[in-house]
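Asker: My structure file protein11.cif, mmCIF, C-alpha atoms, is below:
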data_query
#
loop_
_atom_site.group_PDB
_atom_site.id
_atom_site.type_symbol
_atom_site.label_atom_id
_atom_site.label_comp_id
_atom_site.auth_asym_id
_atom_site.auth_seq_id
_atom_site.Cartn_x
_atom_site.Cartn_y
_atom_site.Cartn_z
ATOM 1 C CA MET Q 1 85.203 113.774 87.306
ATOM 2 C CA VAL Q 2 83.333 113.738 90.570
ATOM 3 C CA ASP Q 3 84.488 112.534 93.956
ATOM 4 C CA GLU Q 4 86.395 109.365 93.039
ATOM 5 C CA MET Q 5 87.407 108.282 96.507
ATOM 6 C CA CYS Q 6 83.960 108.754 97.993
ATOM 7 C CA LYS Q 7 82.490 106.710 95.146
ATOM 8 C CA PHE Q 8 84.772 103.988 96.392
ATOM 9 C CA ARG Q 9 84.023 104.364 100.073
ATOM 10 C CA SER Q 10 86.218 107.419 100.597
ATOM 11 C CA MET Q 11 89.157 105.252 101.595
ATOM 12 C CA ILE Q 12 87.130 104.401 104.708
ATOM 13 C CA ARG Q 13 88.091 100.845 105.463
ATOM 14 C CA GLU Q 14 86.772 100.134 108.954
ATOM 15 C CA CYS Q 15 83.551 98.125 108.650
ATOM 16 C CA GLU Q 16 81.602 100.408 110.956
ATOM 17 C CA LEU Q 17 81.991 103.248 108.457
ATOM 18 C CA GLN Q 18 80.500 101.324 105.554
ATOM 19 C CA ASP Q 19 76.945 102.514 106.249
ATOM 20 C CA ASP Q 20 75.527 104.353 103.255
ATOM 21 C CA ASP Q 21 74.068 107.093 105.441
ATOM 22 C CA ILE Q 22 77.562 108.077 106.597
ATOM 23 C CA LEU Q 23 79.309 108.267 103.243
ATOM 24 C CA THR Q 24 77.754 111.544 102.194
ATOM 25 C CA ILE Q 25 80.695 113.590 100.956
ATOM 26 C CA HIS Q 26 79.743 113.090 97.311
ATOM 27 C CA ILE Q 27 76.141 114.089 98.014
ATOM 28 C CA ASN Q 28 77.265 117.037 100.128
ATOM 29 C CA ILE Q 29 79.665 118.307 97.470
ATOM 30 C CA SER Q 30 76.955 118.072 94.807
ATOM 31 C CA GLY Q 31 74.460 119.856 97.023
ATOM 32 C CA PHE Q 32 76.753 122.639 98.176
ATOM 33 C CA SER Q 33 78.058 123.080 94.620
ATOM 34 C CA ALA Q 34 74.524 123.676 93.389
ATOM 35 C CA GLU Q 35 73.823 126.008 96.286
ATOM 36 C CA HIS Q 36 76.956 128.099 95.707
ATOM 37 C CA GLY Q 37 76.897 128.110 91.898
ATOM 38 C CA GLY Q 38 79.834 125.800 91.317
ATOM 39 C CA LEU Q 39 82.732 123.969 92.862
ATOM 40 C CA SER Q 40 85.066 125.857 95.204
ATOM 41 C CA LYS Q 41 87.309 125.470 98.244
ATOM 42 C CA GLU Q 42 84.415 126.628 100.432
ATOM 43 C CA VAL Q 43 82.103 123.975 98.967
ATOM 44 C CA ILE Q 44 84.595 121.205 99.752
ATOM 45 C CA GLU Q 45 85.165 122.484 103.297
ATOM 46 C CA LYS Q 46 81.413 122.548 103.893
ATOM 47 C CA ALA Q 47 81.081 118.999 102.543
ATOM 48 C CA PHE Q 48 83.756 117.634 104.868
ATOM 49 C CA ASP Q 49 82.225 119.437 107.827
ATOM 50 C CA ALA Q 50 78.748 118.126 107.008
ATOM 51 C CA THR Q 51 80.071 114.570 106.659
ATOM 52 C CA GLU Q 52 81.890 114.763 109.977
ATOM 53 C CA THR Q 53 78.782 116.175 111.645
ATOM 54 C CA ALA Q 54 76.655 113.355 110.234
ATOM 55 C CA PHE Q 55 79.019 110.765 111.664
ATOM 56 C CA VAL Q 56 79.205 112.459 115.072
ATOM 57 C CA ASN Q 57 75.403 112.468 115.156
ATOM 58 C CA LEU Q 58 75.349 108.769 114.285
ATOM 59 C CA VAL Q 59 77.779 108.082 117.135
ATOM 60 C CA ARG Q 60 75.590 109.981 119.603
ATOM 61 C CA GLU Q 61 72.538 107.994 118.487
ATOM 62 C CA SER Q 62 74.107 104.525 118.467
ATOM 63 C CA TRP Q 63 77.044 104.439 120.839
ATOM 64 C CA LEU Q 64 75.065 103.088 123.812
ATOM 65 C CA ASP Q 65 74.496 99.915 121.763
ATOM 66 C CA ARG Q 66 77.916 100.026 120.052
ATOM 67 C CA PRO Q 67 80.354 101.839 122.367
ATOM 68 C CA GLN Q 68 83.296 100.948 120.129
ATOM 69 C CA ILE Q 69 81.959 103.233 117.405
ATOM 70 C CA VAL Q 70 83.391 106.266 119.210
ATOM 71 C CA SER Q 71 86.895 105.018 118.346
ATOM 72 C CA VAL Q 72 86.162 104.316 114.675
ATOM 73 C CA GLY Q 73 87.725 106.709 112.193
ATOM 74 C CA SER Q 74 89.408 106.943 108.826
ATOM 75 C CA CYS Q 75 91.364 109.019 106.389
ATOM 76 C CA CYS Q 76 89.434 110.532 103.488
ATOM 77 C CA LEU Q 77 90.784 111.565 100.086
ATOM 78 C CA VAL Q 78 88.708 113.384 97.467
ATOM 79 C CA GLY Q 79 89.517 114.370 93.882
ATOM 80 C CA LEU Q 80 87.324 116.448 91.574
ATOM 81 C CA ILE Q 81 87.759 118.178 88.224
ATOM 82 C CA SER Q 82 85.655 121.131 87.106
ATOM 83 C CA ASN Q 83 86.312 123.497 84.200
ATOM 84 C CA GLY Q 84 89.813 122.105 83.747
ATOM 85 C CA THR Q 85 90.690 122.690 87.391
ATOM 86 C CA LEU Q 86 91.607 119.851 89.742
ATOM 87 C CA TYR Q 87 90.549 120.001 93.391
ATOM 88 C CA VAL Q 88 92.159 117.559 95.837
ATOM 89 C CA ALA Q 89 91.185 117.450 99.503
ATOM 90 C CA ASN Q 90 92.276 115.109 102.273
ATOM 91 C CA VAL Q 91 92.316 114.373 105.966
ATOM 92 C CA GLY Q 92 94.807 111.789 107.191
ATOM 93 C CA ASP Q 93 97.656 110.247 105.238
ATOM 94 C CA SER Q 94 96.077 108.874 102.089
ATOM 95 C CA ARG Q 95 97.827 110.598 99.221
ATOM 96 C CA ALA Q 96 97.356 111.826 95.657
ATOM 97 C CA VAL Q 97 100.322 112.137 93.300
ATOM 98 C CA LEU Q 98 100.339 113.624 89.813
ATOM 99 C CA GLY Q 99 102.494 112.197 87.017
ATOM 100 C CA ARG Q 100 103.633 115.197 85.012
ATOM 101 C CA GLN Q 101 105.702 115.435 81.852
ATOM 102 C CA VAL Q 102 108.511 117.954 82.105
ATOM 103 C CA ALA Q 103 107.722 121.065 80.068
ATOM 104 C CA GLY Q 104 109.397 121.109 76.693
ATOM 105 C CA SER Q 105 109.829 117.336 76.365
ATOM 106 C CA ARG Q 106 108.615 115.878 73.106
ATOM 107 C CA ILE Q 107 108.285 112.289 74.315
ATOM 108 C CA ALA Q 108 107.096 111.238 77.754
ATOM 109 C CA ASN Q 109 109.519 108.679 79.156
ATOM 110 C CA SER Q 110 110.957 107.830 82.562
ATOM 111 C CA SER Q 111 113.594 110.538 82.322
ATOM 112 C CA THR Q 112 111.093 113.304 81.542
ATOM 113 C CA LEU Q 113 108.327 112.439 83.981
ATOM 114 C CA VAL Q 114 108.147 113.869 87.495
ATOM 115 C CA ALA Q 115 105.975 113.062 90.502
ATOM 116 C CA GLU Q 116 104.122 116.013 91.999
ATOM 117 C CA ARG Q 117 102.470 115.418 95.374
ATOM 118 C CA LEU Q 118 99.032 116.986 95.576
ATOM 119 C CA THR Q 119 98.158 116.299 99.209
ATOM 120 C CA THR Q 120 99.460 116.958 102.697
ATOM 121 C CA ASP Q 121 100.195 113.932 104.894
ATOM 122 C CA HIS Q 122 98.568 114.602 108.272
ATOM 123 C CA ASN Q 123 100.834 112.035 109.859
ATOM 124 C CA VAL Q 124 102.542 112.739 113.167
ATOM 125 C CA GLY Q 125 105.639 111.082 111.739
ATOM 126 C CA GLU Q 126 106.086 114.394 109.886
ATOM 127 C CA GLU Q 127 107.838 117.061 111.940
ATOM 128 C CA GLU Q 128 105.542 119.865 110.754
ATOM 129 C CA VAL Q 129 102.460 117.893 111.784
ATOM 130 C CA ARG Q 130 103.914 117.205 115.236
ATOM 131 C CA LYS Q 131 104.618 120.923 115.641
ATOM 132 C CA GLU Q 132 101.034 121.713 114.629
ATOM 133 C CA VAL Q 133 99.580 119.281 117.185
ATOM 134 C CA LYS Q 134 101.887 120.477 119.975
ATOM 135 C CA ALA Q 135 101.109 124.132 119.236
ATOM 136 C CA LEU Q 136 97.399 123.427 119.740
ATOM 137 C CA HIS Q 137 98.099 121.667 123.063
ATOM 138 C CA PRO Q 138 101.030 123.481 124.729
ATOM 139 C CA ASP Q 139 99.973 122.212 128.163
ATOM 140 C CA ASP Q 140 100.203 118.500 127.263
ATOM 141 C CA PRO Q 141 103.682 117.114 126.433
ATOM 142 C CA HIS Q 142 102.204 113.692 125.545
ATOM 143 C CA ILE Q 143 99.590 114.953 123.115
ATOM 144 C CA VAL Q 144 101.182 113.437 119.982
ATOM 145 C CA VAL Q 145 100.814 109.936 121.461
ATOM 146 C CA TYR Q 146 97.026 110.304 121.538
ATOM 147 C CA THR Q 147 96.572 111.055 117.830
ATOM 148 C CA ARG Q 148 96.601 107.443 116.538
ATOM 149 C CA GLY Q 149 99.266 108.425 114.039
ATOM 150 C CA VAL Q 150 97.321 111.109 112.171
ATOM 151 C CA SER Q 151 96.139 114.550 113.218
ATOM 152 C CA ARG Q 152 93.037 114.748 111.002
ATOM 153 C CA SER Q 153 90.331 112.234 110.147
ATOM 154 C CA ILE Q 154 86.657 111.542 109.693
ATOM 155 C CA GLY Q 155 85.392 110.003 112.930
ATOM 156 C CA ASP Q 156 87.642 109.160 115.919
ATOM 157 C CA VAL Q 157 85.019 110.978 117.946
ATOM 158 C CA TYR Q 158 86.519 110.079 121.317
ATOM 159 C CA LEU Q 159 89.605 112.121 120.359
ATOM 160 C CA LYS Q 160 87.489 115.086 119.289
ATOM 161 C CA LYS Q 161 84.770 115.072 121.946
ATOM 162 C CA PRO Q 162 86.462 114.485 125.358
ATOM 163 C CA GLU Q 163 83.131 113.716 127.049
ATOM 164 C CA PHE Q 164 83.034 110.360 125.262
ATOM 165 C CA ASN Q 165 86.362 108.977 126.455
ATOM 166 C CA ARG Q 166 85.560 110.109 130.015
ATOM 167 C CA ASN Q 167 82.321 108.146 129.999
ATOM 168 C CA PRO Q 168 82.421 104.925 132.083
ATOM 169 C CA LEU Q 169 80.744 103.033 129.229
ATOM 170 C CA PHE Q 170 83.648 103.716 126.871
ATOM 171 C CA GLN Q 171 86.171 102.960 129.599
ATOM 172 C CA GLN Q 172 84.909 99.376 129.633
ATOM 173 C CA TYR Q 173 86.552 98.996 126.216
ATOM 174 C CA ALA Q 174 89.531 101.358 126.349
ATOM 175 C CA ALA Q 175 91.622 103.326 128.804
ATOM 176 C CA PRO Q 176 90.513 106.947 129.289
ATOM 177 C CA ILE Q 177 92.643 109.680 127.760
ATOM 178 C CA PRO Q 178 93.064 112.895 129.798
ATOM 179 C CA LEU Q 179 91.972 115.349 127.110
ATOM 180 C CA LYS Q 180 91.015 118.955 127.714
ATOM 181 C CA ARG Q 181 90.168 119.659 124.090
ATOM 182 C CA ALA Q 182 90.052 117.909 120.728
ATOM 183 C CA VAL Q 183 93.256 116.184 119.621
ATOM 184 C CA MET Q 184 92.206 115.707 116.001
ATOM 185 C CA SER Q 185 90.102 117.597 113.464
ATOM 186 C CA ALA Q 186 88.223 116.896 110.227
ATOM 187 C CA GLU Q 187 89.437 120.053 108.501
ATOM 188 C CA PRO Q 188 90.772 119.068 105.058
ATOM 189 C CA SER Q 189 93.888 120.294 103.333
ATOM 190 C CA ILE Q 190 92.803 121.452 99.880
ATOM 191 C CA LEU Q 191 94.894 121.946 96.744
ATOM 192 C CA ILE Q 192 93.581 123.668 93.616
ATOM 193 C CA HIS Q 193 95.529 122.938 90.439
ATOM 194 C CA LYS Q 194 94.851 124.186 86.905
ATOM 195 C CA LEU Q 195 95.393 121.149 84.704
ATOM 196 C CA ARG Q 196 97.857 121.393 81.827
ATOM 197 C CA PRO Q 197 98.487 119.198 78.768
ATOM 198 C CA GLN Q 198 101.632 117.784 80.433
ATOM 199 C CA ASP Q 199 99.595 116.438 83.374
ATOM 200 C CA LEU Q 200 99.278 112.759 82.431
ATOM 201 C CA PHE Q 201 97.701 110.863 85.326
ATOM 202 C CA ILE Q 202 96.875 110.959 89.034
ATOM 203 C CA VAL Q 203 97.389 108.162 91.549
ATOM 204 C CA PHE Q 204 95.071 108.221 94.570
ATOM 205 C CA ALA Q 205 96.048 105.673 97.227
ATOM 206 C CA SER Q 206 95.827 104.837 100.896
ATOM 207 C CA ASP Q 207 98.908 104.972 103.097
ATOM 208 C CA GLY Q 208 99.484 101.233 102.655
ATOM 209 C CA LEU Q 209 100.934 101.961 99.206
ATOM 210 C CA TRP Q 210 103.068 104.936 100.215
ATOM 211 C CA GLU Q 211 104.552 103.096 103.203
ATOM 212 C CA GLN Q 212 106.267 100.804 100.701
ATOM 213 C CA LEU Q 213 106.740 102.903 97.549
ATOM 214 C CA ASN Q 214 107.767 106.541 97.242
ATOM 215 C CA ASP Q 215 106.085 108.999 94.881
ATOM 216 C CA ASP Q 216 108.718 108.676 92.145
ATOM 217 C CA ALA Q 217 108.575 104.881 92.133
ATOM 218 C CA VAL Q 218 104.782 104.889 91.824
ATOM 219 C CA VAL Q 219 104.820 107.360 88.929
ATOM 220 C CA GLU Q 220 107.499 105.338 87.140
ATOM 221 C CA ILE Q 221 105.529 102.100 87.470
ATOM 222 C CA VAL Q 222 102.367 103.714 86.096
ATOM 223 C CA HIS Q 223 104.250 105.308 83.233
ATOM 224 C CA LYS Q 224 106.139 102.191 82.157
ATOM 225 C CA ASN Q 225 103.254 99.716 82.247
ATOM 226 C CA SER Q 226 99.953 99.056 80.535
ATOM 227 C CA ARG Q 227 96.920 100.890 81.822
ATOM 228 C CA ASN Q 228 94.923 97.705 82.157
ATOM 229 C CA GLY Q 229 95.325 96.438 85.717
ATOM 230 C CA ILE Q 230 97.776 99.170 86.715
ATOM 231 C CA ALA Q 231 96.246 99.664 90.183
ATOM 232 C CA LYS Q 232 96.671 95.970 90.947
ATOM 233 C CA ARG Q 233 100.241 96.096 89.623
ATOM 234 C CA LEU Q 234 101.063 98.923 92.032
ATOM 235 C CA ILE Q 235 99.690 96.931 94.949
ATOM 236 C CA ARG Q 236 101.764 93.903 93.986
ATOM 237 C CA ALA Q 237 104.876 96.099 93.768
ATOM 238 C CA ALA Q 238 104.180 97.420 97.274
ATOM 239 C CA ILE Q 239 103.740 93.907 98.682
ATOM 240 C CA GLU Q 240 106.984 92.810 97.037
ATOM 241 C CA VAL Q 241 108.800 95.642 98.816
ATOM 242 C CA ALA Q 242 107.146 94.700 102.123
ATOM 243 C CA ALA Q 243 108.316 91.109 101.637
ATOM 244 C CA LYS Q 244 111.859 92.193 100.803
ATOM 245 C CA LYS Q 245 112.035 94.241 104.011
ATOM 246 C CA ARG Q 246 111.433 90.998 105.931
ATOM 247 C CA GLU Q 247 113.874 89.075 103.724
ATOM 248 C CA MET Q 248 110.977 87.097 102.332
ATOM 249 C CA ARG Q 249 109.749 86.266 98.854
ATOM 250 C CA TYR Q 250 106.474 87.587 97.500
ATOM 251 C CA ASP Q 251 104.939 84.105 97.520
ATOM 252 C CA ASP Q 252 105.966 83.636 101.156
ATOM 253 C CA ILE Q 253 104.210 86.773 102.358
ATOM 254 C CA MET Q 254 101.092 85.880 100.378
ATOM 255 C CA ARG Q 255 100.857 82.558 102.208
ATOM 256 C CA ILE Q 256 100.704 84.188 105.624
ATOM 257 C CA GLU Q 257 97.354 83.496 107.263
ATOM 258 C CA LYS Q 258 94.599 86.034 107.653
ATOM 259 C CA GLY Q 259 94.890 88.304 110.661
ATOM 260 C CA VAL Q 260 98.675 87.975 110.756
ATOM 261 C CA ARG Q 261 99.600 89.579 107.448
ATOM 262 C CA ARG Q 262 98.546 92.992 108.744
ATOM 263 C CA HIS Q 263 101.786 92.972 110.757
ATOM 264 C CA PHE Q 264 103.685 92.907 107.453
ATOM 265 C CA HIS Q 265 101.733 95.460 105.418
ATOM 266 C CA ASP Q 266 98.576 97.569 105.658
ATOM 267 C CA ASP Q 267 95.444 97.398 103.512
ATOM 268 C CA ILE Q 268 95.931 99.162 100.172
ATOM 269 C CA THR Q 269 93.446 100.914 97.902
ATOM 270 C CA VAL Q 270 94.614 102.454 94.629
ATOM 271 C CA VAL Q 271 92.779 104.520 92.013
ATOM 272 C CA VAL Q 272 94.668 105.610 88.888
ATOM 273 C CA VAL Q 273 93.035 108.281 86.712
ATOM 274 C CA TYR Q 274 94.503 109.006 83.273
ATOM 275 C CA LEU Q 275 93.911 112.577 82.188
ATOM 276 C CA ASP Q 276 94.341 112.016 78.435
ATOM 277 C CA ASN Q 277 95.042 115.627 77.522
ATOM 278 C CA ASN Q 278 92.340 116.842 79.874
ATOM 279 C CA GLN Q 279 89.382 115.514 77.907
ATOM 280 C CA GLY Q 280 85.974 114.503 79.191
ATOM 281 C CA TRP Q 281 85.532 116.811 82.162
ATOM 282 C CA PRO Q 282 82.244 118.022 83.575
ATOM 283 C CA ASN Q 283 81.282 121.512 82.544
ATOM 284 C CA GLY Q 284 81.684 122.873 86.064
ATOM 285 C CA GLY Q 285 78.211 124.349 86.311
ATOM 286 C CA GLY Q 286 76.017 124.434 89.379
ATOM 287 C CA ARG Q 287 75.908 120.638 89.715
ATOM 288 C CA ILE Q 288 78.602 118.000 89.435
ATOM 289 C CA GLN Q 289 77.899 115.321 86.832
ATOM 290 C CA GLU Q 290 77.050 111.909 88.251
ATOM 291 C CA ASP Q 291 78.891 109.733 85.700
ATOM 292 C CA ILE Q 292 82.211 110.218 87.537
ATOM 293 C CA THR Q 293 84.505 110.666 84.510
ATOM 294 C CA THR Q 294 84.915 109.651 80.908
ATOM 295 C CA THR Q 295 88.681 109.421 81.244
ATOM 296 C CA PRO Q 296 90.310 105.974 81.704
ATOM 297 C CA ILE Q 297 90.429 104.841 85.320
ATOM 298 C CA ASP Q 298 91.735 101.733 87.089
ATOM 299 C CA ILE Q 299 90.842 100.739 90.657
ATOM 300 C CA PHE Q 300 91.919 97.968 93.012
ATOM 301 C CA THR Q 301 91.612 97.343 96.744
ATOM 302 C CA PHE Q 302 93.583 94.731 98.671
ATOM 303 C CA ASN Q 303 92.736 93.802 102.240
ATOM 304 C CA SER Q 304 95.774 92.563 104.142
ATOM 305 C CA ASP Q 305 93.582 89.987 105.870
ATOM 306 C CA ASN Q 306 92.464 88.546 102.519
ATOM 307 C CA ALA Q 307 94.622 85.654 101.371
ATOM 308 C CA ASP Q 308 93.332 85.712 97.808
ATOM 309 C CA PHE Q 309 95.369 87.891 95.458
ATOM 310 C CA SER Q 310 96.391 86.654 92.021
ATOM 311 C CA PRO Q 311 99.450 88.092 90.274
#
Would you write the structure of this file as structure tokens?
Answerer:
Amino acid sequence: MVDEMCKFRSMIRECELQDDDILTIHINISGFSAEHGGLSKEVIEKAFDATETAFVNLVRESWLDRPQIVSVGSCCLVGLISNGTLYVANVGDSRAVLGRQVAGSRIANSSTLVAERLTTDHNVGEEEVRKEVKALHPDDPHIVVYTRGVSRSIGDVYLKKPEFNRNPLFQQYAAPIPLKRAVMSAEPSILIHKLRPQDLFIVFASDGLWEQLNDDAVVEIVHKNSRNGIAKRLIRAAIEVAAKKREMRYDDIMRIEKGVRRHFHDDITVVVVYLDNNQGWPNGGGRIQEDITTTPIDIFTFNSDNADFSP
């Protein structure tokens, strides 16, 4: 399985990041993997760095015509399997969760399945992340406020290159931020996990899902329902929770007009990959196979500004 999330726009949802020449993580991973003789933590780190560099270069070339591009950024979540080993890398607060059968259980059911989080949420709502940001900026007590909610991302150049937000051109569109150094980084957290027969499926999703459903609830829904349309089912479950929080019905929240619904829930992208006893993986040689994966996969994206979503 190659880079699922980058095949589906790397969880990058802002329109300015849809350009094909920016979304190069998949190409970079393939290239660096060939160069280094296989997939590794170093290869993934190089791919993220190269992708960030490509976007920074694009900003430098185009920001005089599109000053707003310096404030465009996104989370990025990547999953790869090579030689029976799973690699998960992320910046931001998109998340990957593994559904795993408890060792020794003969039948996988709700009482014997556990959710295992595979990623680190780089969200300043987490105490450890706030400590990390503050430790890097001991001279600025307000530094956490400047992070836009996450401490790592692709893009958000004005929070990584202070010269941009000090420029009068950018200040026509946003208030300057008194930065001495970068607030955010594009350094990914990487987990390497040797897959086992009890590893049943992985759910990759943007923060819009996890804001409404916890890891255990997501794993239970996937386990108890048909594979066909499971990503869409998860999104509906998240919207139902969002509606309940506002003491509304699901149908009520779905009737809210475009542009307003975002105040009730975020955009949501979900990819569910079934491991099926770890069959159908690439051979892990010098290059990553281009056919993504032969294991069953279900994908759905819901834009909170889109009023069309059938049950």
Asker: Rank Q:Leu64, Q:Ala115, Q:Ala217, Q:Ile268 by their smallest atom-to-atom distance to Pro168 of chain Q, using only C-alpha atoms, and report the top residue only.
Answerer: Q:Leu64
Asker: Starting from the shown file, work through the PyMOL selection byres ((chain Q and resi 182-185) around 9) and note down what comes out as a ChimeraX atom specification.
Answerer: /Q:91,133,136-137,143-144,146-147,150-162,179-181,186-188
Asker: Record the distance separating atom CA of Lys134 of chain Q and atom CA of Ile177 of chain Q, expressed in Å with one decimal.
Answerer: 16.2 Å
Asker: Which one of Q:Ala242, Q:Ile25, Q:Val271, Q:Val222 sits closest to Gly99 of chain Q if you count only C-alpha atoms?
Answerer: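 Smallest separation from Gly99 of chain Q among the options: Q:Val222.
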Asker: For Trp63 of chain Q, list every protein, DNA or RNA residue within 10 Å, evaluated using all atoms listed in the file, and leave out those in the same chain fewer than 6 positions away; present the list as an MDAnalysis selection string.
Answerer: chainID Q and resid 57 69:70 164 169:170
Asker: Can you list, as a count of residues only, every protein, DNA or RNA residue that comes within 8 Å of Leu200 of chain Q when you count all atoms listed in the file, leaving out same-chain residues fewer than 4 positions away?
Answerer: 8
Asker: If you measure from atom CA of Glu45 of chain Q to atom CA of Asp93 of chain Q, what distance in Å do you get, rounded to one decimal?
Answerer: 17.6 Å
Asker: Name the closest residue to Ile202 of chain Q among the candidates Q:Ala34, Q:Val273, Q:Val219, Q:Ala135; distances are taken between atoms, counting all atoms listed in the file.
Answerer: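 Answer, going by the shortest atom-to-atom distance: Q:Val273.
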Asker: Which one is closest to His193 of chain Q: Q:Ser62, Q:Ser82, Q:Thr112, Q:Asn28? Count all atoms listed in the file.
Answerer: Q:Ser82
Asker: Taking all atoms listed in the file into account, name the residue in Q:Arg255, Q:His26, Q:Lys194, Q:Lys41 that is nearest to Cys76 of chain Q.
Answerer: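 The closest residue to Cys76 of chain Q is Q:His26.
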Asker: Applied to the shown file, which residues does the PyMOL selection byres ((chain Q and resi 211) around 9) return, written as a compact mmCIF listing (two decimals) with C-alpha atoms, keeping the file's coordinate frame?
Answerer:
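Wrote expr-v7.txt, looks like this:
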# COMPACT_ATOMS: atom_id res chain seq x y z
CA ASP Q 207 98.91 104.97 103.10
CA GLY Q 208 99.48 101.23 102.66
CA LEU Q 209 100.93 101.96 99.21
CA TRP Q 210 103.07 104.94 100.22
CA GLN Q 212 106.27 100.80 100.70
CA LEU Q 213 106.74 102.90 97.55
CA ASN Q 214 107.77 106.54 97.24
CA ALA Q 238 104.18 97.42 97.27
CA ALA Q 242 107.15 94.70 102.12
CA HIS Q 265 101.73 95.46 105.42
CA ASP Q 266 98.58 97.57 105.66
Asker: Need to verify the contact set: Val102 of chain Q, 8 Å, all atoms listed in the file, exclusion of same-chain residues closer than 4 positions in sequence. Can you return it as a PyMOL selection string?
Answerer: chain Q and resi 112-114+198
Asker: Rounded to one decimal place, report the atom CA of Glu163 of chain Q-atom CA of Asp49 of chain Q distance in Å.
Answerer: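 Atom CA of Glu163 of chain Q sits 20.1 Å away from atom CA of Asp49 of chain Q.
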Asker: Find the residues around Ile253 of chain Q up to 7 Å (all atoms listed in the file counted), leave out those fewer than 4 positions away in its own chain, and share them as a compact mmCIF listing (two decimals) with C-alpha atoms, in the frame of the given file.
Answerer:
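Result file is part25.txt:
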# COMPACT_ATOMS: atom_id res chain seq x y z
CA ALA Q 243 108.32 91.11 101.64
CA MET Q 248 110.98 87.10 102.33
CA ARG Q 249 109.75 86.27 98.85
Asker: Would you kindly return, as a count of residues only, each protein, DNA or RNA residue with an atom no farther than 10 Å from any atom of Ile190 of chain Q, considering all atoms listed in the file and excluding same-chain residues fewer than 6 positions away?
Answerer: 14
Asker: Selected by the PyMOL selection byres ((chain Q and resi 297) around 7) in the shown coordinates: which residues, as a list in words?
Answerer: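 Answer for the PyMOL selection byres ((chain Q and resi 297) around 7): Val272, Val273, Tyr274, Thr295, Pro296, Asp298 and Ile299 of chain Q.
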Asker: Pick the closest to Ile192 of chain Q from Q:Val124, Q:Leu80, Q:Leu86, Q:Ile29: which is it, counting all atoms listed in the file?
Answerer: Q:Leu86
